[in-house]
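A quick write-up on the structure given underneath.
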Amino acid sequence: MTFPWSEPVTLTGNRVTLRPLSINDTDALVAAASDGKLWELWYTGVPTPEGTRDYIEGALRDVQAGTANAFAIVENKSGKVVGSTRFLNIAFADRRLEIGATFYAQSVQRSGINTEAKFLLLRHAFETLQCIAVEFRTHWHNRQSRNAIARLGAKQDAILRNHKIMPDGTYRDTVVFSIIENEWPAVKSNLNFMMSRHPA
């Protein structure tokens with residue numbers, strides 16, 4: 001069985017390239033997450049150095065199952081892997097998916113790389129895959145993520161209370177955002193404006 005939305009694809013911009021994630025990216029992702037010790041943020045799902053291989057293997061299993069498409073985020077200027085992101089919860093029949101499981105090395109945060117990466121993912125979702133909706137989910141306590149999603153132009157849909165049990169046993173309230181197809185032209189214009197303020 002083939003899963004067209006999970007097929008390998010490379011998305012290239014001026015600052016960043018999103019290419020298929022590979023088990024060979026283990027060391028590079030360890031280095032990216034170690035830049036800022038991102039796994040110490042209790043409300044995120046960034047893997048620890050010793051858990052990174054399992055993290056990638058889990059992502060690749062989801063790709064094989066047709067429910068995800070996983071990417072390594074490569075900074076064009078340096079050629080370094082600076083993070084990872086995915087299409088998640090792919091619902092091909094309903095023409096919708098989620099963008100998530102995203103993290104960046106601390107040194108490239110607030111650099112414009114996330115804006116361009118999200119632009120590439122959203123453009124592919126709406127213009128190539130013909131999605132009718134793209135969703136984003138984050139922890140209630142991850143205010144930085146919530147603000148970043150809102151800046152993209154996504155609208156908050158709901159808060160799912162006690163939605164997940166975190167590894168430390170705490171309950172996660174999940175904030176759900178989305179962009180729908182008729183909003184994409186305005187969101188695209190806004191993202192192009194934002195990227196013009198952070199030229200490569």
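Residue numbers start at 1 in each chain; chains themselves are named A, B, ... in the order of the structure tokens; ligands are numbered from 1 in the order shown.
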_Backbone-only DSSP, helix (DSSP H, G or I) members of range 74-179 of chain A, as number ranges by chain_ = A: 92-94, 106-108, 113-128, 143-152
Cut-off 10 Å: closest range 28-115 of chain A/range 144-167 of chain A atom pairs per residue, using only C-alpha atoms, as JSON lines:
{"residue": "A:Trp42", "atom": "CA", "partner": "A:Met166", "partner_atom": "CA", "distance": 8.8}
{"residue": "A:Tyr43", "atom": "CA", "partner": "A:Met166", "partner_atom": "CA", "distance": 8.1}
{"residue": "A:Thr44", "atom": "CA", "partner": "A:Met166", "partner_atom": "CA", "distance": 9.3}
{"residue": "A:Gly45", "atom": "CA", "partner": "A:Met166", "partner_atom": "CA", "distance": 9.0}
{"residue": "A:Thr102", "atom": "CA", "partner": "A:Ser145", "partner_atom": "CA", "distance": 9.8}
{"residue": "A:Arg110", "atom": "CA", "partner": "A:Ala148", "partner_atom": "CA", "distance": 9.7}
{"residue": "A:Asn114", "atom": "CA", "partner": "A:Ala148", "partner_atom": "CA", "distance": 9.0}
{"residue": "A:Thr115", "atom": "CA", "partner": "A:Leu152", "partner_atom": "CA", "distance": 7.6}
Could you write those residues out with C-alpha atoms, as a tab-separated table (two decimals), in the first residue's frame?
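As a result, selection_28.tsv now contains:
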chain	number	residue	atom	x	y	z
A	42	TRP	CA	9.59	19.72	30.80
A	43	TYR	CA	6.61	20.70	28.64
A	44	THR	CA	8.21	19.66	25.32
A	45	GLY	CA	8.91	16.31	23.67
A	102	THR	CA	9.26	20.48	15.92
A	110	ARG	CA	14.29	33.62	16.58
A	114	ASN	CA	11.24	28.63	11.83
A	115	THR	CA	9.18	31.10	9.81
Determine, counting only C-alpha atoms, which protein, DNA and RNA residues have an atom within 9 Å of an atom of Ile56 in chain A; residues of the same chain fewer than 4 positions away are not included. Present the result as a PyMOL selection string. chain A and resi 21-23+25-26+51-52+60-61+70
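Atom pair CA of Asn192 in chain A / CA of Thr128 in chain A has a distance of 18.1 Å (rounded to one decimal).
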I want to know what sits within 7 Å of range 74-80 of chain A, based on only C-alpha atoms, with residues of the same chain fewer than 6 positions away left out; could you give that as an NGL selection string? :A and (15-18)
Task: strand (DSSP E) positions in chain A, given as a PyMOL selection string - done: chain A and resi 11-12+16-20+69-75+81-91+96-104+133-139+155-165+171-180
Practice item. Using only C-alpha atoms, find the one residue out of A:Asp94, A:Leu41, A:Arg53, A:Leu88 that sits nearest to Leu121 in chain A. Key: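 Of all the options, A:Leu88 lies closest to Leu121 in chain A.
Shortest atom-to-atom contact with Phe193 in chain A among A:Gly112, A:Asn24, A:Ile99, A:Glu57: A:Gly112, counting only C-alpha atoms.
Between Arg96 in chain A and the candidates A:Trp140, A:Tyr171, A:Pro4, A:Ile132, the tightest atom-to-atom separation, counting only C-alpha atoms, involves A:Ile132.
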Of A:Asp173, A:Thr138, A:Asp27, A:Trp184, the one nearest to His124 in chain A when counting only C-alpha atoms is A:Trp184
| Residue contacts of Val134 in chain A (8 Å, only C-alpha atoms) excluding same-chain residues fewer than 3 positions away, as number ranges by chain | A: 96-99, 122, 125, 131, 178-180
Exercise for review: Tell me which protein, DNA and RNA residues are within 12 Å of Glu50 in chain A, counting only C-alpha atoms, leaving out same-chain ones fewer than 3 positions away, and put them as a list in words.
Suggested key: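 Here the qualifying residues turn out to be Thr26, Asp27, Leu29, Val30, Ala31, Ala33, Ser34, Trp39, Val46, Pro47, Arg53, Asp54, Tyr55 and Ile56 of chain A.
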Save the residues we just selected, N, CA and C atoms, as a tab-separated table (two decimals), in the first residue's frame?
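Final file, selection_7.tsv:
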chain	number	residue	atom	x	y	z
A	26	THR	N	21.01	10.81	13.54
A	26	THR	CA	20.98	10.70	15.00
A	26	THR	C	21.98	11.64	15.66
A	27	ASP	N	23.25	11.56	15.28
A	27	ASP	CA	24.27	12.40	15.92
A	27	ASP	C	23.99	13.88	15.72
A	29	LEU	N	21.06	15.33	15.28
A	29	LEU	CA	19.93	15.75	16.11
A	29	LEU	C	20.32	15.83	17.58
A	30	VAL	N	21.20	14.93	18.01
A	30	VAL	CA	21.72	15.03	19.37
A	30	VAL	C	22.42	16.37	19.55
A	31	ALA	N	23.24	16.74	18.58
A	31	ALA	CA	23.96	18.02	18.66
A	31	ALA	C	23.00	19.21	18.67
A	33	ALA	N	19.79	19.26	19.68
A	33	ALA	CA	19.06	19.32	20.94
A	33	ALA	C	19.97	19.71	22.10
A	34	SER	N	21.26	19.37	21.98
A	34	SER	CA	22.22	19.72	23.03
A	34	SER	C	22.53	21.21	23.04
A	39	TRP	N	15.90	19.25	25.92
A	39	TRP	CA	15.09	18.23	26.60
A	39	TRP	C	14.78	18.62	28.04
A	46	VAL	N	11.18	17.05	23.27
A	46	VAL	CA	12.52	16.97	22.65
A	46	VAL	C	13.27	15.78	23.26
A	47	PRO	N	13.86	14.94	22.42
A	47	PRO	CA	14.52	13.74	22.95
A	47	PRO	C	15.82	14.05	23.68
A	53	ARG	N	17.89	8.16	19.08
A	53	ARG	CA	17.74	7.11	18.07
A	53	ARG	C	16.33	6.53	18.11
A	54	ASP	N	15.82	6.25	19.31
A	54	ASP	CA	14.46	5.73	19.45
A	54	ASP	C	13.44	6.73	18.92
A	55	TYR	N	13.70	8.01	19.17
A	55	TYR	CA	12.83	9.09	18.69
A	55	TYR	C	12.73	9.05	17.16
A	56	ILE	N	13.87	8.93	16.50
A	56	ILE	CA	13.88	8.88	15.03
A	56	ILE	C	13.23	7.60	14.53
message: So, with only C-alpha atoms as the atoms that count, which of A:Glu183, A:Glu127, A:Glu135, A:Glu116 lies closest to Gly13 in chain A?
response: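 Using only C-alpha atoms, the shortest distance to Gly13 in chain A belongs to A:Glu116.
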As a check of understanding: the span from CA of Asn89 in chain A to CA of Asn182 in chain A is 21.1 Å
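Reported to one decimal place, the separation of CA of Arg86 in chain A from CA of Phe71 in chain A is 5.8 Å.
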